[in-house]
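A.B. asks: Just passing along the structure, written as structure tokens.
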Amino acid sequence: YNTAIGYYALADDSIGINNTGVGSLSLQNNYTGSGNTGIGRSTGQRQTGDNNFFGGAYAGQGNGNNPAADSGSYNTALGAYAMTLLANGNNNTAVGYFALFSDSSGGYNTTIGVEASSQGDTASYTTSVGYRSLQFNDRSGNTAFGTFSGSQNSRGTSNPLHGTENTIVGYAAMYGNSWGNKNAVLGYRAMGMLNPTINGYITAAPSRNVAIGDSALYNNRGNDNIGIGYLAAAPQD
């Protein structure tokens with residue numbers, strides 16, 4: 001009950017059923033998985049899990065370090081290079097070019113946008129919507145809506161307590177603010193620390209803050225603050 005169209009599509013399938021592979025190397029190493037669909041070159045090439053949908057060149061291709069471990073299931077990746085390095089992560093949704101590109105073992109993530117959540121590999125239970133939202137995030141429990149929102153979150157730290165449980169809404173909200181935790185941010189560049197034209201981050205960990213409004217708490221490095229309104233509690237020139 002399999003359908004294969006393309007060079008080496010579903011070539012190694014042994015007992016998997018109800019699979020559809022369309023495109024060169026699509027679902028090539030799917031030995032035992034069932035209910036998978038791959039449309040595009042190398043889609044799901046190394047995957048052995050079940051009930052995945054991969055659409056777009058190299059979407060869900062697989063990590064490749066240990067092909068037997070590329071066993072993720074119930075994933076949906078739509079877009080070239082979406083979820084490309086998937087290994088054993090489950091229940092992820094990625095829509096957009098390079099969305100969730102590096103995610104290997106994270107689960108229950110929803111990502112929509114070009115390069116959104118593209119660099120983290122283990123985060124779970126995150127939502128990122130917008131161009132490069134949560135781009136470098138590798139911590140669980142974060143939510144970001146808006147272009148560049150939370151883009152640098154958790155970048156440059158190995159501390160598992162840095163960059164967790166933030167809710168970030170707005171263009172470049174918390175951009176450059178890498179290590180803060182448990183912040184609620186709403187507004188254009190609210191709690192940001194850098195301009196998005198700068199690909200960098202600040203090694204500060206402002207936490208448990210609430211910022212609402214255009215540039216509210218901008219460049220804030222403290223904890224337990226509330227800023228409501230335009231440039232609220234932000235440094236003034």
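So you can find residues: chains in the structure tokens are A, B, ... in the order shown, residues in each start at 1, and ligands are numbered from 1 in order.
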Give me every strand (DSSP E or B) residue in region 83-160 of chain A, going by DSSP on the backbone, as a list in words.
C.D. replies: Thr93, Ala94, Val95, Thr110, Thr111, Ile112, Thr127, Ser128, Val129, Thr143, Ala144 and Phe145 of chain A
A.B. asks: Take the residues from that selection and put them in a file with N, CA and C atoms, as a PDB file, in the first residue's frame.
C.D. replies:
ATOM      1  N   THR A  93       5.234  20.947  14.390  1.00  0.00           N
ATOM      2  CA  THR A  93       4.710  21.530  13.156  1.00  0.00           C
ATOM      3  C   THR A  93       5.606  22.687  12.751  1.00  0.00           C
ATOM      4  N   ALA A  94       6.126  22.653  11.552  1.00  0.00           N
ATOM      5  CA  ALA A  94       6.989  23.713  11.040  1.00  0.00           C
ATOM      6  C   ALA A  94       6.537  24.111   9.647  1.00  0.00           C
ATOM      7  N   VAL A  95       6.258  25.401   9.477  1.00  0.00           N
ATOM      8  CA  VAL A  95       5.820  25.902   8.176  1.00  0.00           C
ATOM      9  C   VAL A  95       6.699  27.091   7.805  1.00  0.00           C
ATOM     10  N   THR A 110       5.362  24.439  17.646  1.00  0.00           N
ATOM     11  CA  THR A 110       4.633  24.963  16.488  1.00  0.00           C
ATOM     12  C   THR A 110       5.369  26.196  15.987  1.00  0.00           C
ATOM     13  N   THR A 111       5.797  26.157  14.744  1.00  0.00           N
ATOM     14  CA  THR A 111       6.624  27.218  14.186  1.00  0.00           C
ATOM     15  C   THR A 111       6.118  27.601  12.805  1.00  0.00           C
ATOM     16  N   ILE A 112       5.895  28.897  12.622  1.00  0.00           N
ATOM     17  CA  ILE A 112       5.444  29.409  11.328  1.00  0.00           C
ATOM     18  C   ILE A 112       6.271  30.639  10.985  1.00  0.00           C
ATOM     19  N   THR A 127       6.098  28.005  20.812  1.00  0.00           N
ATOM     20  CA  THR A 127       5.325  28.515  19.675  1.00  0.00           C
ATOM     21  C   THR A 127       6.051  29.743  19.148  1.00  0.00           C
ATOM     22  N   SER A 128       6.367  29.737  17.874  1.00  0.00           N
ATOM     23  CA  SER A 128       7.034  30.893  17.260  1.00  0.00           C
ATOM     24  C   SER A 128       6.377  31.196  15.928  1.00  0.00           C
ATOM     25  N   VAL A 129       5.954  32.440  15.788  1.00  0.00           N
ATOM     26  CA  VAL A 129       5.276  32.866  14.565  1.00  0.00           C
ATOM     27  C   VAL A 129       5.898  34.179  14.102  1.00  0.00           C
ATOM     28  N   THR A 143       7.003  31.414  24.005  1.00  0.00           N
ATOM     29  CA  THR A 143       6.032  31.767  22.971  1.00  0.00           C
ATOM     30  C   THR A 143       6.413  33.118  22.384  1.00  0.00           C
ATOM     31  N   ALA A 144       6.472  33.214  21.060  1.00  0.00           N
ATOM     32  CA  ALA A 144       6.837  34.469  20.409  1.00  0.00           C
ATOM     33  C   ALA A 144       6.015  34.674  19.145  1.00  0.00           C
ATOM     34  N   PHE A 145       5.455  35.872  19.028  1.00  0.00           N
ATOM     35  CA  PHE A 145       4.702  36.264  17.841  1.00  0.00           C
ATOM     36  C   PHE A 145       5.268  37.578  17.324  1.00  0.00           C
TER      37      PHE A 145
END
A.B. asks: Compile the contact shell of region 178-188 of chain A as an MDAnalysis selection string: residues with an atom at most 8 Å away, counting only C-alpha atoms, same-chain residues fewer than 2 positions apart removed.
C.D. replies: chainID A and resid 150 152:157 161:176 190:191 201:216
A.B. asks: Residues within 9 Å of region 19-30 of chain A, please, as a PDB file with all heavy atoms, in the first residue's frame. Count only C-alpha atoms; anything in the same chain fewer than 2 positions from it doesn't count.
C.D. replies:
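Full text of selection02.pdb as output:
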ATOM      1  N   TYR A   1       0.815  -1.208   0.000  1.00  0.00           N
ATOM      2  CA  TYR A   1       0.000   0.000   0.000  1.00  0.00           C
ATOM      3  C   TYR A   1       0.853   1.264   0.000  1.00  0.00           C
ATOM      4  O   TYR A   1       0.520   2.273   0.606  1.00  0.00           O
ATOM      5  CB  TYR A   1      -0.931   0.012   1.200  1.00  0.00           C
ATOM      6  CG  TYR A   1      -1.844  -1.186   1.255  1.00  0.00           C
ATOM      7  CD1 TYR A   1      -1.567  -2.238   2.118  1.00  0.00           C
ATOM      8  CD2 TYR A   1      -2.967  -1.260   0.434  1.00  0.00           C
ATOM      9  CE1 TYR A   1      -2.395  -3.350   2.171  1.00  0.00           C
ATOM     10  CE2 TYR A   1      -3.808  -2.368   0.485  1.00  0.00           C
ATOM     11  CZ  TYR A   1      -3.519  -3.410   1.351  1.00  0.00           C
ATOM     12  OH  TYR A   1      -4.340  -4.501   1.398  1.00  0.00           O
ATOM     13  N   ASN A   2       2.003   1.202  -0.615  1.00  0.00           N
ATOM     14  CA  ASN A   2       2.894   2.350  -0.710  1.00  0.00           C
ATOM     15  C   ASN A   2       2.918   2.901  -2.131  1.00  0.00           C
ATOM     16  O   ASN A   2       2.710   2.171  -3.090  1.00  0.00           O
ATOM     17  CB  ASN A   2       4.322   1.963  -0.304  1.00  0.00           C
ATOM     18  CG  ASN A   2       4.412   1.523   1.143  1.00  0.00           C
ATOM     19  OD1 ASN A   2       3.995   2.231   2.046  1.00  0.00           O
ATOM     20  ND2 ASN A   2       4.958   0.325   1.373  1.00  0.00           N
ATOM     21  N   THR A   3       3.205   4.205  -2.221  1.00  0.00           N
ATOM     22  CA  THR A   3       3.347   4.851  -3.520  1.00  0.00           C
ATOM     23  C   THR A   3       4.690   5.558  -3.559  1.00  0.00           C
ATOM     24  O   THR A   3       4.997   6.371  -2.679  1.00  0.00           O
ATOM     25  CB  THR A   3       2.221   5.870  -3.764  1.00  0.00           C
ATOM     26  OG1 THR A   3       0.952   5.213  -3.705  1.00  0.00           O
ATOM     27  CG2 THR A   3       2.387   6.539  -5.116  1.00  0.00           C
ATOM     28  N   ALA A   4       5.505   5.250  -4.526  1.00  0.00           N
ATOM     29  CA  ALA A   4       6.829   5.848  -4.660  1.00  0.00           C
ATOM     30  C   ALA A   4       7.030   6.358  -6.079  1.00  0.00           C
ATOM     31  O   ALA A   4       6.865   5.606  -7.039  1.00  0.00           O
ATOM     32  CB  ALA A   4       7.909   4.831  -4.309  1.00  0.00           C
ATOM     33  N   ILE A   5       7.379   7.619  -6.175  1.00  0.00           N
ATOM     34  CA  ILE A   5       7.633   8.227  -7.484  1.00  0.00           C
ATOM     35  C   ILE A   5       8.928   9.022  -7.384  1.00  0.00           C
ATOM     36  O   ILE A   5       8.989  10.030  -6.653  1.00  0.00           O
ATOM     37  CB  ILE A   5       6.480   9.149  -7.920  1.00  0.00           C
ATOM     38  CG1 ILE A   5       5.152   8.394  -7.976  1.00  0.00           C
ATOM     39  CG2 ILE A   5       6.793   9.777  -9.276  1.00  0.00           C
ATOM     40  CD1 ILE A   5       3.951   9.281  -8.246  1.00  0.00           C
ATOM     41  N   GLY A   6       9.972   8.576  -8.063  1.00  0.00           N
ATOM     42  CA  GLY A   6      11.236   9.293  -8.044  1.00  0.00           C
ATOM     43  C   GLY A   6      12.399   8.377  -7.718  1.00  0.00           C
ATOM     44  O   GLY A   6      12.243   7.287  -7.151  1.00  0.00           O
ATOM     45  N   TYR A   7      13.571   8.827  -8.054  1.00  0.00           N
ATOM     46  CA  TYR A   7      14.807   8.072  -7.861  1.00  0.00           C
ATOM     47  C   TYR A   7      14.993   7.682  -6.393  1.00  0.00           C
ATOM     48  O   TYR A   7      15.055   8.528  -5.511  1.00  0.00           O
ATOM     49  CB  TYR A   7      15.983   8.921  -8.344  1.00  0.00           C
ATOM     50  CG  TYR A   7      17.352   8.324  -8.131  1.00  0.00           C
ATOM     51  CD1 TYR A   7      17.821   7.298  -8.940  1.00  0.00           C
ATOM     52  CD2 TYR A   7      18.175   8.812  -7.116  1.00  0.00           C
ATOM     53  CE1 TYR A   7      19.091   6.759  -8.753  1.00  0.00           C
ATOM     54  CE2 TYR A   7      19.449   8.282  -6.920  1.00  0.00           C
ATOM     55  CZ  TYR A   7      19.898   7.254  -7.738  1.00  0.00           C
ATOM     56  OH  TYR A   7      21.156   6.722  -7.544  1.00  0.00           O
ATOM     57  N   TYR A   8      15.031   6.386  -6.114  1.00  0.00           N
ATOM     58  CA  TYR A   8      15.232   5.816  -4.783  1.00  0.00           C
ATOM     59  C   TYR A   8      14.165   6.232  -3.767  1.00  0.00           C
ATOM     60  O   TYR A   8      14.388   6.124  -2.555  1.00  0.00           O
ATOM     61  CB  TYR A   8      16.625   6.157  -4.242  1.00  0.00           C
ATOM     62  CG  TYR A   8      17.667   5.126  -4.618  1.00  0.00           C
ATOM     63  CD1 TYR A   8      18.317   5.201  -5.846  1.00  0.00           C
ATOM     64  CD2 TYR A   8      17.992   4.098  -3.761  1.00  0.00           C
ATOM     65  CE1 TYR A   8      19.271   4.260  -6.207  1.00  0.00           C
ATOM     66  CE2 TYR A   8      18.937   3.148  -4.099  1.00  0.00           C
ATOM     67  CZ  TYR A   8      19.577   3.228  -5.333  1.00  0.00           C
ATOM     68  OH  TYR A   8      20.518   2.294  -5.674  1.00  0.00           O
ATOM     69  N   ALA A   9      13.053   6.712  -4.209  1.00  0.00           N
ATOM     70  CA  ALA A   9      11.966   7.010  -3.276  1.00  0.00           C
ATOM     71  C   ALA A   9      11.493   5.722  -2.623  1.00  0.00           C
ATOM     72  O   ALA A   9      11.259   4.721  -3.305  1.00  0.00           O
ATOM     73  CB  ALA A   9      10.814   7.687  -4.011  1.00  0.00           C
ATOM     74  N   LEU A  10      11.408   5.717  -1.293  1.00  0.00           N
ATOM     75  CA  LEU A  10      10.972   4.545  -0.521  1.00  0.00           C
ATOM     76  C   LEU A  10      11.775   3.290  -0.859  1.00  0.00           C
ATOM     77  O   LEU A  10      11.289   2.168  -0.738  1.00  0.00           O
ATOM     78  CB  LEU A  10       9.476   4.276  -0.747  1.00  0.00           C
ATOM     79  CG  LEU A  10       8.504   5.063   0.127  1.00  0.00           C
ATOM     80  CD1 LEU A  10       7.085   4.935  -0.397  1.00  0.00           C
ATOM     81  CD2 LEU A  10       8.565   4.579   1.580  1.00  0.00           C
ATOM     82  N   ALA A  11      13.029   3.470  -1.236  1.00  0.00           N
ATOM     83  CA  ALA A  11      13.831   2.351  -1.720  1.00  0.00           C
ATOM     84  C   ALA A  11      14.051   1.263  -0.679  1.00  0.00           C
ATOM     85  O   ALA A  11      14.115   0.079  -1.014  1.00  0.00           O
ATOM     86  CB  ALA A  11      15.193   2.869  -2.205  1.00  0.00           C
ATOM     87  N   ASP A  12      14.185   1.628   0.589  1.00  0.00           N
ATOM     88  CA  ASP A  12      14.529   0.642   1.615  1.00  0.00           C
ATOM     89  C   ASP A  12      13.333   0.172   2.431  1.00  0.00           C
ATOM     90  O   ASP A  12      13.512  -0.526   3.433  1.00  0.00           O
ATOM     91  CB  ASP A  12      15.574   1.233   2.563  1.00  0.00           C
ATOM     92  CG  ASP A  12      16.866   1.569   1.850  1.00  0.00           C
ATOM     93  OD1 ASP A  12      17.183   0.889   0.859  1.00  0.00           O
ATOM     94  OD2 ASP A  12      17.552   2.520   2.284  1.00  0.00           O
ATOM     95  N   ASP A  13      12.146   0.547   2.042  1.00  0.00           N
ATOM     96  CA  ASP A  13      10.971   0.151   2.820  1.00  0.00           C
ATOM     97  C   ASP A  13      10.848  -1.373   2.859  1.00  0.00           C
ATOM     98  O   ASP A  13      10.975  -2.051   1.840  1.00  0.00           O
ATOM     99  CB  ASP A  13       9.702   0.745   2.206  1.00  0.00           C
ATOM    100  CG  ASP A  13       8.478   0.450   3.046  1.00  0.00           C
ATOM    101  OD1 ASP A  13       7.874  -0.622   2.857  1.00  0.00           O
ATOM    102  OD2 ASP A  13       8.134   1.276   3.904  1.00  0.00           O
ATOM    103  N   SER A  14      10.605  -1.897   4.069  1.00  0.00           N
ATOM    104  CA  SER A  14      10.466  -3.346   4.189  1.00  0.00           C
ATOM    105  C   SER A  14       9.069  -3.748   4.643  1.00  0.00           C
ATOM    106  O   SER A  14       8.412  -4.560   3.991  1.00  0.00           O
ATOM    107  CB  SER A  14      11.512  -3.910   5.158  1.00  0.00           C
ATOM    108  OG  SER A  14      11.396  -3.308   6.438  1.00  0.00           O
ATOM    109  N   GLY A  16       6.828  -1.164   6.172  1.00  0.00           N
ATOM    110  CA  GLY A  16       5.974   0.012   6.310  1.00  0.00           C
ATOM    111  C   GLY A  16       4.857   0.024   5.290  1.00  0.00           C
ATOM    112  O   GLY A  16       5.024  -0.439   4.155  1.00  0.00           O
ATOM    113  N   ILE A  17       3.714   0.549   5.694  1.00  0.00           N
ATOM    114  CA  ILE A  17       2.565   0.610   4.783  1.00  0.00           C
ATOM    115  C   ILE A  17       1.981   2.018   4.766  1.00  0.00           C
ATOM    116  O   ILE A  17       2.251   2.844   5.642  1.00  0.00           O
ATOM    117  CB  ILE A  17       1.480  -0.410   5.181  1.00  0.00           C
ATOM    118  CG1 ILE A  17       0.956  -0.121   6.600  1.00  0.00           C
ATOM    119  CG2 ILE A  17       2.007  -1.830   5.088  1.00  0.00           C
ATOM    120  CD1 ILE A  17      -0.240  -0.966   6.993  1.00  0.00           C
ATOM    121  N   THR A  32      10.523   0.802   8.334  1.00  0.00           N
ATOM    122  CA  THR A  32       9.361   0.228   9.011  1.00  0.00           C
ATOM    123  C   THR A  32       8.223   1.213   9.229  1.00  0.00           C
ATOM    124  O   THR A  32       7.133   0.808   9.645  1.00  0.00           O
ATOM    125  CB  THR A  32       9.773  -0.327  10.381  1.00  0.00           C
ATOM    126  OG1 THR A  32      10.337   0.728  11.176  1.00  0.00           O
ATOM    127  CG2 THR A  32      10.803  -1.441  10.222  1.00  0.00           C
ATOM    128  N   GLY A  33       8.448   2.481   8.982  1.00  0.00           N
ATOM    129  CA  GLY A  33       7.436   3.485   9.274  1.00  0.00           C
ATOM    130  C   GLY A  33       6.220   3.375   8.380  1.00  0.00           C
ATOM    131  O   GLY A  33       6.296   2.942   7.232  1.00  0.00           O
ATOM    132  N   SER A  34       5.091   3.801   8.928  1.00  0.00           N
ATOM    133  CA  SER A  34       3.837   3.757   8.172  1.00  0.00           C
ATOM    134  C   SER A  34       3.124   5.102   8.243  1.00  0.00           C
ATOM    135  O   SER A  34       3.327   5.888   9.166  1.00  0.00           O
ATOM    136  CB  SER A  34       2.918   2.673   8.743  1.00  0.00           C
ATOM    137  OG  SER A  34       3.496   1.380   8.591  1.00  0.00           O
ATOM    138  N   GLY A  35       2.316   5.352   7.229  1.00  0.00           N
ATOM    139  CA  GLY A  35       1.506   6.556   7.219  1.00  0.00           C
ATOM    140  C   GLY A  35       2.279   7.829   6.965  1.00  0.00           C
ATOM    141  O   GLY A  35       1.846   8.909   7.358  1.00  0.00           O
ATOM    142  N   ASN A  36       3.416   7.736   6.302  1.00  0.00           N
ATOM    143  CA  ASN A  36       4.248   8.908   6.033  1.00  0.00           C
ATOM    144  C   ASN A  36       4.041   9.425   4.610  1.00  0.00           C
ATOM    145  O   ASN A  36       3.797   8.649   3.689  1.00  0.00           O
ATOM    146  CB  ASN A  36       5.722   8.555   6.219  1.00  0.00           C
ATOM    147  CG  ASN A  36       6.043   8.152   7.637  1.00  0.00           C
ATOM    148  OD1 ASN A  36       5.963   8.961   8.556  1.00  0.00           O
ATOM    149  ND2 ASN A  36       6.406   6.887   7.834  1.00  0.00           N
ATOM    150  N   THR A  37       4.184  10.739   4.468  1.00  0.00           N
ATOM    151  CA  THR A  37       4.113  11.363   3.148  1.00  0.00           C
ATOM    152  C   THR A  37       5.310  12.290   2.978  1.00  0.00           C
ATOM    153  O   THR A  37       5.584  13.134   3.833  1.00  0.00           O
ATOM    154  CB  THR A  37       2.824  12.181   2.984  1.00  0.00           C
ATOM    155  OG1 THR A  37       1.689  11.323   3.125  1.00  0.00           O
ATOM    156  CG2 THR A  37       2.783  12.850   1.617  1.00  0.00           C
ATOM    157  N   GLY A  38       6.049  12.101   1.902  1.00  0.00           N
ATOM    158  CA  GLY A  38       7.148  12.985   1.561  1.00  0.00           C
ATOM    159  C   GLY A  38       6.996  13.472   0.138  1.00  0.00           C
ATOM    160  O   GLY A  38       6.857  12.672  -0.784  1.00  0.00           O
ATOM    161  N   ILE A  39       7.008  14.793  -0.021  1.00  0.00           N
ATOM    162  CA  ILE A  39       6.862  15.376  -1.357  1.00  0.00           C
ATOM    163  C   ILE A  39       8.001  16.363  -1.568  1.00  0.00           C
ATOM    164  O   ILE A  39       8.031  17.430  -0.949  1.00  0.00           O
ATOM    165  CB  ILE A  39       5.498  16.079  -1.530  1.00  0.00           C
ATOM    166  CG1 ILE A  39       4.351  15.097  -1.275  1.00  0.00           C
ATOM    167  CG2 ILE A  39       5.388  16.681  -2.927  1.00  0.00           C
ATOM    168  CD1 ILE A  39       2.984  15.751  -1.294  1.00  0.00           C
ATOM    169  N   GLY A  40       8.957  16.007  -2.405  1.00  0.00           N
ATOM    170  CA  GLY A  40      10.100  16.854  -2.671  1.00  0.00           C
ATOM    171  C   GLY A  40      11.401  16.095  -2.471  1.00  0.00           C
ATOM    172  O   GLY A  40      11.445  15.050  -1.811  1.00  0.00           O
ATOM    173  N   ARG A  41      12.458  16.606  -3.016  1.00  0.00           N
ATOM    174  CA  ARG A  41      13.761  15.945  -2.944  1.00  0.00           C
ATOM    175  C   ARG A  41      14.188  15.713  -1.498  1.00  0.00           C
ATOM    176  O   ARG A  41      14.170  16.622  -0.673  1.00  0.00           O
ATOM    177  CB  ARG A  41      14.821  16.776  -3.659  1.00  0.00           C
ATOM    178  CG  ARG A  41      16.219  16.167  -3.567  1.00  0.00           C
ATOM    179  CD  ARG A  41      17.266  16.996  -4.276  1.00  0.00           C
ATOM    180  NE  ARG A  41      18.603  16.461  -4.021  1.00  0.00           N
ATOM    181  CZ  ARG A  41      19.160  15.462  -4.695  1.00  0.00           C
ATOM    182  NH1 ARG A  41      18.493  14.904  -5.685  1.00  0.00           N
ATOM    183  NH2 ARG A  41      20.374  15.037  -4.402  1.00  0.00           N
ATOM    184  N   SER A  42      14.557  14.477  -1.188  1.00  0.00           N
ATOM    185  CA  SER A  42      15.112  14.073   0.104  1.00  0.00           C
ATOM    186  C   SER A  42      14.180  14.329   1.287  1.00  0.00           C
ATOM    187  O   SER A  42      14.621  14.375   2.427  1.00  0.00           O
ATOM    188  CB  SER A  42      16.460  14.763   0.359  1.00  0.00           C
ATOM    189  OG  SER A  42      17.413  14.373  -0.618  1.00  0.00           O
ATOM    190  N   THR A  43      12.913  14.478   1.029  1.00  0.00           N
ATOM    191  CA  THR A  43      11.974  14.661   2.140  1.00  0.00           C
ATOM    192  C   THR A  43      11.893  13.383   2.964  1.00  0.00           C
ATOM    193  O   THR A  43      11.688  12.299   2.436  1.00  0.00           O
ATOM    194  CB  THR A  43      10.571  15.018   1.622  1.00  0.00           C
ATOM    195  OG1 THR A  43      10.204  14.100   0.585  1.00  0.00           O
ATOM    196  CG2 THR A  43      10.519  16.422   1.083  1.00  0.00           C
ATOM    197  N   GLY A  44      12.100  13.514   4.272  1.00  0.00           N
ATOM    198  CA  GLY A  44      12.030  12.360   5.161  1.00  0.00           C
ATOM    199  C   GLY A  44      12.989  11.250   4.781  1.00  0.00           C
ATOM    200  O   GLY A  44      12.759  10.083   5.115  1.00  0.00           O
ATOM    201  N   GLN A  45      14.067  11.580   4.134  1.00  0.00           N
ATOM    202  CA  GLN A  45      14.963  10.571   3.553  1.00  0.00           C
ATOM    203  C   GLN A  45      15.434   9.538   4.569  1.00  0.00           C
ATOM    204  O   GLN A  45      15.484   8.344   4.269  1.00  0.00           O
ATOM    205  CB  GLN A  45      16.184  11.261   2.934  1.00  0.00           C
ATOM    206  CG  GLN A  45      17.176  10.301   2.291  1.00  0.00           C
ATOM    207  CD  GLN A  45      18.376  11.025   1.709  1.00  0.00           C
ATOM    208  OE1 GLN A  45      18.450  12.254   1.716  1.00  0.00           O
ATOM    209  NE2 GLN A  45      19.331  10.272   1.194  1.00  0.00           N
ATOM    210  N   ARG A  46      15.781   9.957   5.781  1.00  0.00           N
ATOM    211  CA  ARG A  46      16.345   9.033   6.778  1.00  0.00           C
ATOM    212  C   ARG A  46      15.350   8.661   7.870  1.00  0.00           C
ATOM    213  O   ARG A  46      15.722   8.024   8.855  1.00  0.00           O
ATOM    214  CB  ARG A  46      17.588   9.674   7.392  1.00  0.00           C
ATOM    215  CG  ARG A  46      18.658  10.078   6.378  1.00  0.00           C
ATOM    216  CD  ARG A  46      19.890  10.634   7.061  1.00  0.00           C
ATOM    217  NE  ARG A  46      20.900  11.030   6.090  1.00  0.00           N
ATOM    218  CZ  ARG A  46      21.184  12.302   5.802  1.00  0.00           C
ATOM    219  NH1 ARG A  46      20.538  13.281   6.406  1.00  0.00           N
ATOM    220  NH2 ARG A  46      22.112  12.587   4.909  1.00  0.00           N
ATOM    221  N   GLN A  47      14.121   9.064   7.741  1.00  0.00           N
ATOM    222  CA  GLN A  47      13.150   8.844   8.803  1.00  0.00           C
ATOM    223  C   GLN A  47      12.601   7.423   8.820  1.00  0.00           C
ATOM    224  O   GLN A  47      12.425   6.795   7.776  1.00  0.00           O
ATOM    225  CB  GLN A  47      11.993   9.837   8.659  1.00  0.00           C
ATOM    226  CG  GLN A  47      12.385  11.294   8.789  1.00  0.00           C
ATOM    227  CD  GLN A  47      13.001  11.627  10.132  1.00  0.00           C
ATOM    228  OE1 GLN A  47      12.700  11.003  11.154  1.00  0.00           O
ATOM    229  NE2 GLN A  47      13.868  12.623  10.146  1.00  0.00           N
ATOM    230  N   THR A  48      12.327   6.934  10.039  1.00  0.00           N
ATOM    231  CA  THR A  48      11.739   5.602  10.201  1.00  0.00           C
ATOM    232  C   THR A  48      10.489   5.637  11.071  1.00  0.00           C
ATOM    233  O   THR A  48       9.939   4.583  11.409  1.00  0.00           O
ATOM    234  CB  THR A  48      12.749   4.633  10.843  1.00  0.00           C
ATOM    235  OG1 THR A  48      13.118   5.126  12.149  1.00  0.00           O
ATOM    236  CG2 THR A  48      13.989   4.503   9.981  1.00  0.00           C
ATOM    237  N   GLY A  49      10.055   6.842  11.459  1.00  0.00           N
ATOM    238  CA  GLY A  49       8.875   6.970  12.309  1.00  0.00           C
ATOM    239  C   GLY A  49       7.579   6.854  11.530  1.00  0.00           C
ATOM    240  O   GLY A  49       7.558   6.492  10.350  1.00  0.00           O
ATOM    241  N   ASN A  51       3.508   8.415  10.556  1.00  0.00           N
ATOM    242  CA  ASN A  51       2.518   9.484  10.443  1.00  0.00           C
ATOM    243  C   ASN A  51       3.142  10.875  10.389  1.00  0.00           C
ATOM    244  O   ASN A  51       2.723  11.801  11.081  1.00  0.00           O
ATOM    245  CB  ASN A  51       1.523   9.397  11.609  1.00  0.00           C
ATOM    246  CG  ASN A  51       0.786   8.079  11.633  1.00  0.00           C
ATOM    247  OD1 ASN A  51       0.156   7.681  10.652  1.00  0.00           O
ATOM    248  ND2 ASN A  51       0.883   7.363  12.750  1.00  0.00           N
ATOM    249  N   ALA A  57      11.742  20.616  -0.482  1.00  0.00           N
ATOM    250  CA  ALA A  57      13.070  20.005  -0.593  1.00  0.00           C
ATOM    251  C   ALA A  57      13.763  19.912   0.755  1.00  0.00           C
ATOM    252  O   ALA A  57      13.857  20.893   1.488  1.00  0.00           O
ATOM    253  CB  ALA A  57      13.930  20.816  -1.560  1.00  0.00           C
ATOM    254  N   TYR A  58      14.205  18.720   1.104  1.00  0.00           N
ATOM    255  CA  TYR A  58      14.959  18.405   2.320  1.00  0.00           C
ATOM    256  C   TYR A  58      14.159  18.565   3.614  1.00  0.00           C
ATOM    257  O   TYR A  58      14.726  18.485   4.704  1.00  0.00           O
ATOM    258  CB  TYR A  58      16.253  19.237   2.395  1.00  0.00           C
ATOM    259  CG  TYR A  58      17.164  19.016   1.216  1.00  0.00           C
ATOM    260  CD1 TYR A  58      17.176  19.913   0.148  1.00  0.00           C
ATOM    261  CD2 TYR A  58      17.974  17.901   1.149  1.00  0.00           C
ATOM    262  CE1 TYR A  58      17.993  19.706  -0.957  1.00  0.00           C
ATOM    263  CE2 TYR A  58      18.797  17.680   0.049  1.00  0.00           C
ATOM    264  CZ  TYR A  58      18.801  18.591  -0.998  1.00  0.00           C
ATOM    265  OH  TYR A  58      19.609  18.365  -2.080  1.00  0.00           O
ATOM    266  N   GLN A  61      14.462  15.704   6.434  1.00  0.00           N
ATOM    267  CA  GLN A  61      15.408  14.746   5.855  1.00  0.00           C
ATOM    268  C   GLN A  61      15.965  13.779   6.900  1.00  0.00           C
ATOM    269  O   GLN A  61      16.075  12.580   6.652  1.00  0.00           O
ATOM    270  CB  GLN A  61      16.568  15.473   5.183  1.00  0.00           C
ATOM    271  CG  GLN A  61      17.593  14.534   4.547  1.00  0.00           C
ATOM    272  CD  GLN A  61      18.758  15.286   3.925  1.00  0.00           C
ATOM    273  OE1 GLN A  61      19.057  16.428   4.294  1.00  0.00           O
ATOM    274  NE2 GLN A  61      19.426  14.669   2.968  1.00  0.00           N
ATOM    275  N   PRO A  67      21.179   6.932  11.656  1.00  0.00           N
ATOM    276  CA  PRO A  67      19.932   6.788  10.917  1.00  0.00           C
ATOM    277  C   PRO A  67      18.858   6.009  11.665  1.00  0.00           C
ATOM    278  O   PRO A  67      17.666   6.302  11.542  1.00  0.00           O
ATOM    279  CB  PRO A  67      20.363   6.060   9.640  1.00  0.00           C
ATOM    280  CG  PRO A  67      21.789   6.457   9.457  1.00  0.00           C
ATOM    281  CD  PRO A  67      22.345   6.543  10.856  1.00  0.00           C
TER     282      PRO A  67
END
A.B. asks: Mind checking which residues fall within 8 Å of region 71-88 of chain A, counting only C-alpha atoms, ignoring those fewer than 3 positions away in the same chain, and posting them as a PyMOL selection string?
C.D. replies: chain A and resi 47-64+68+91-106
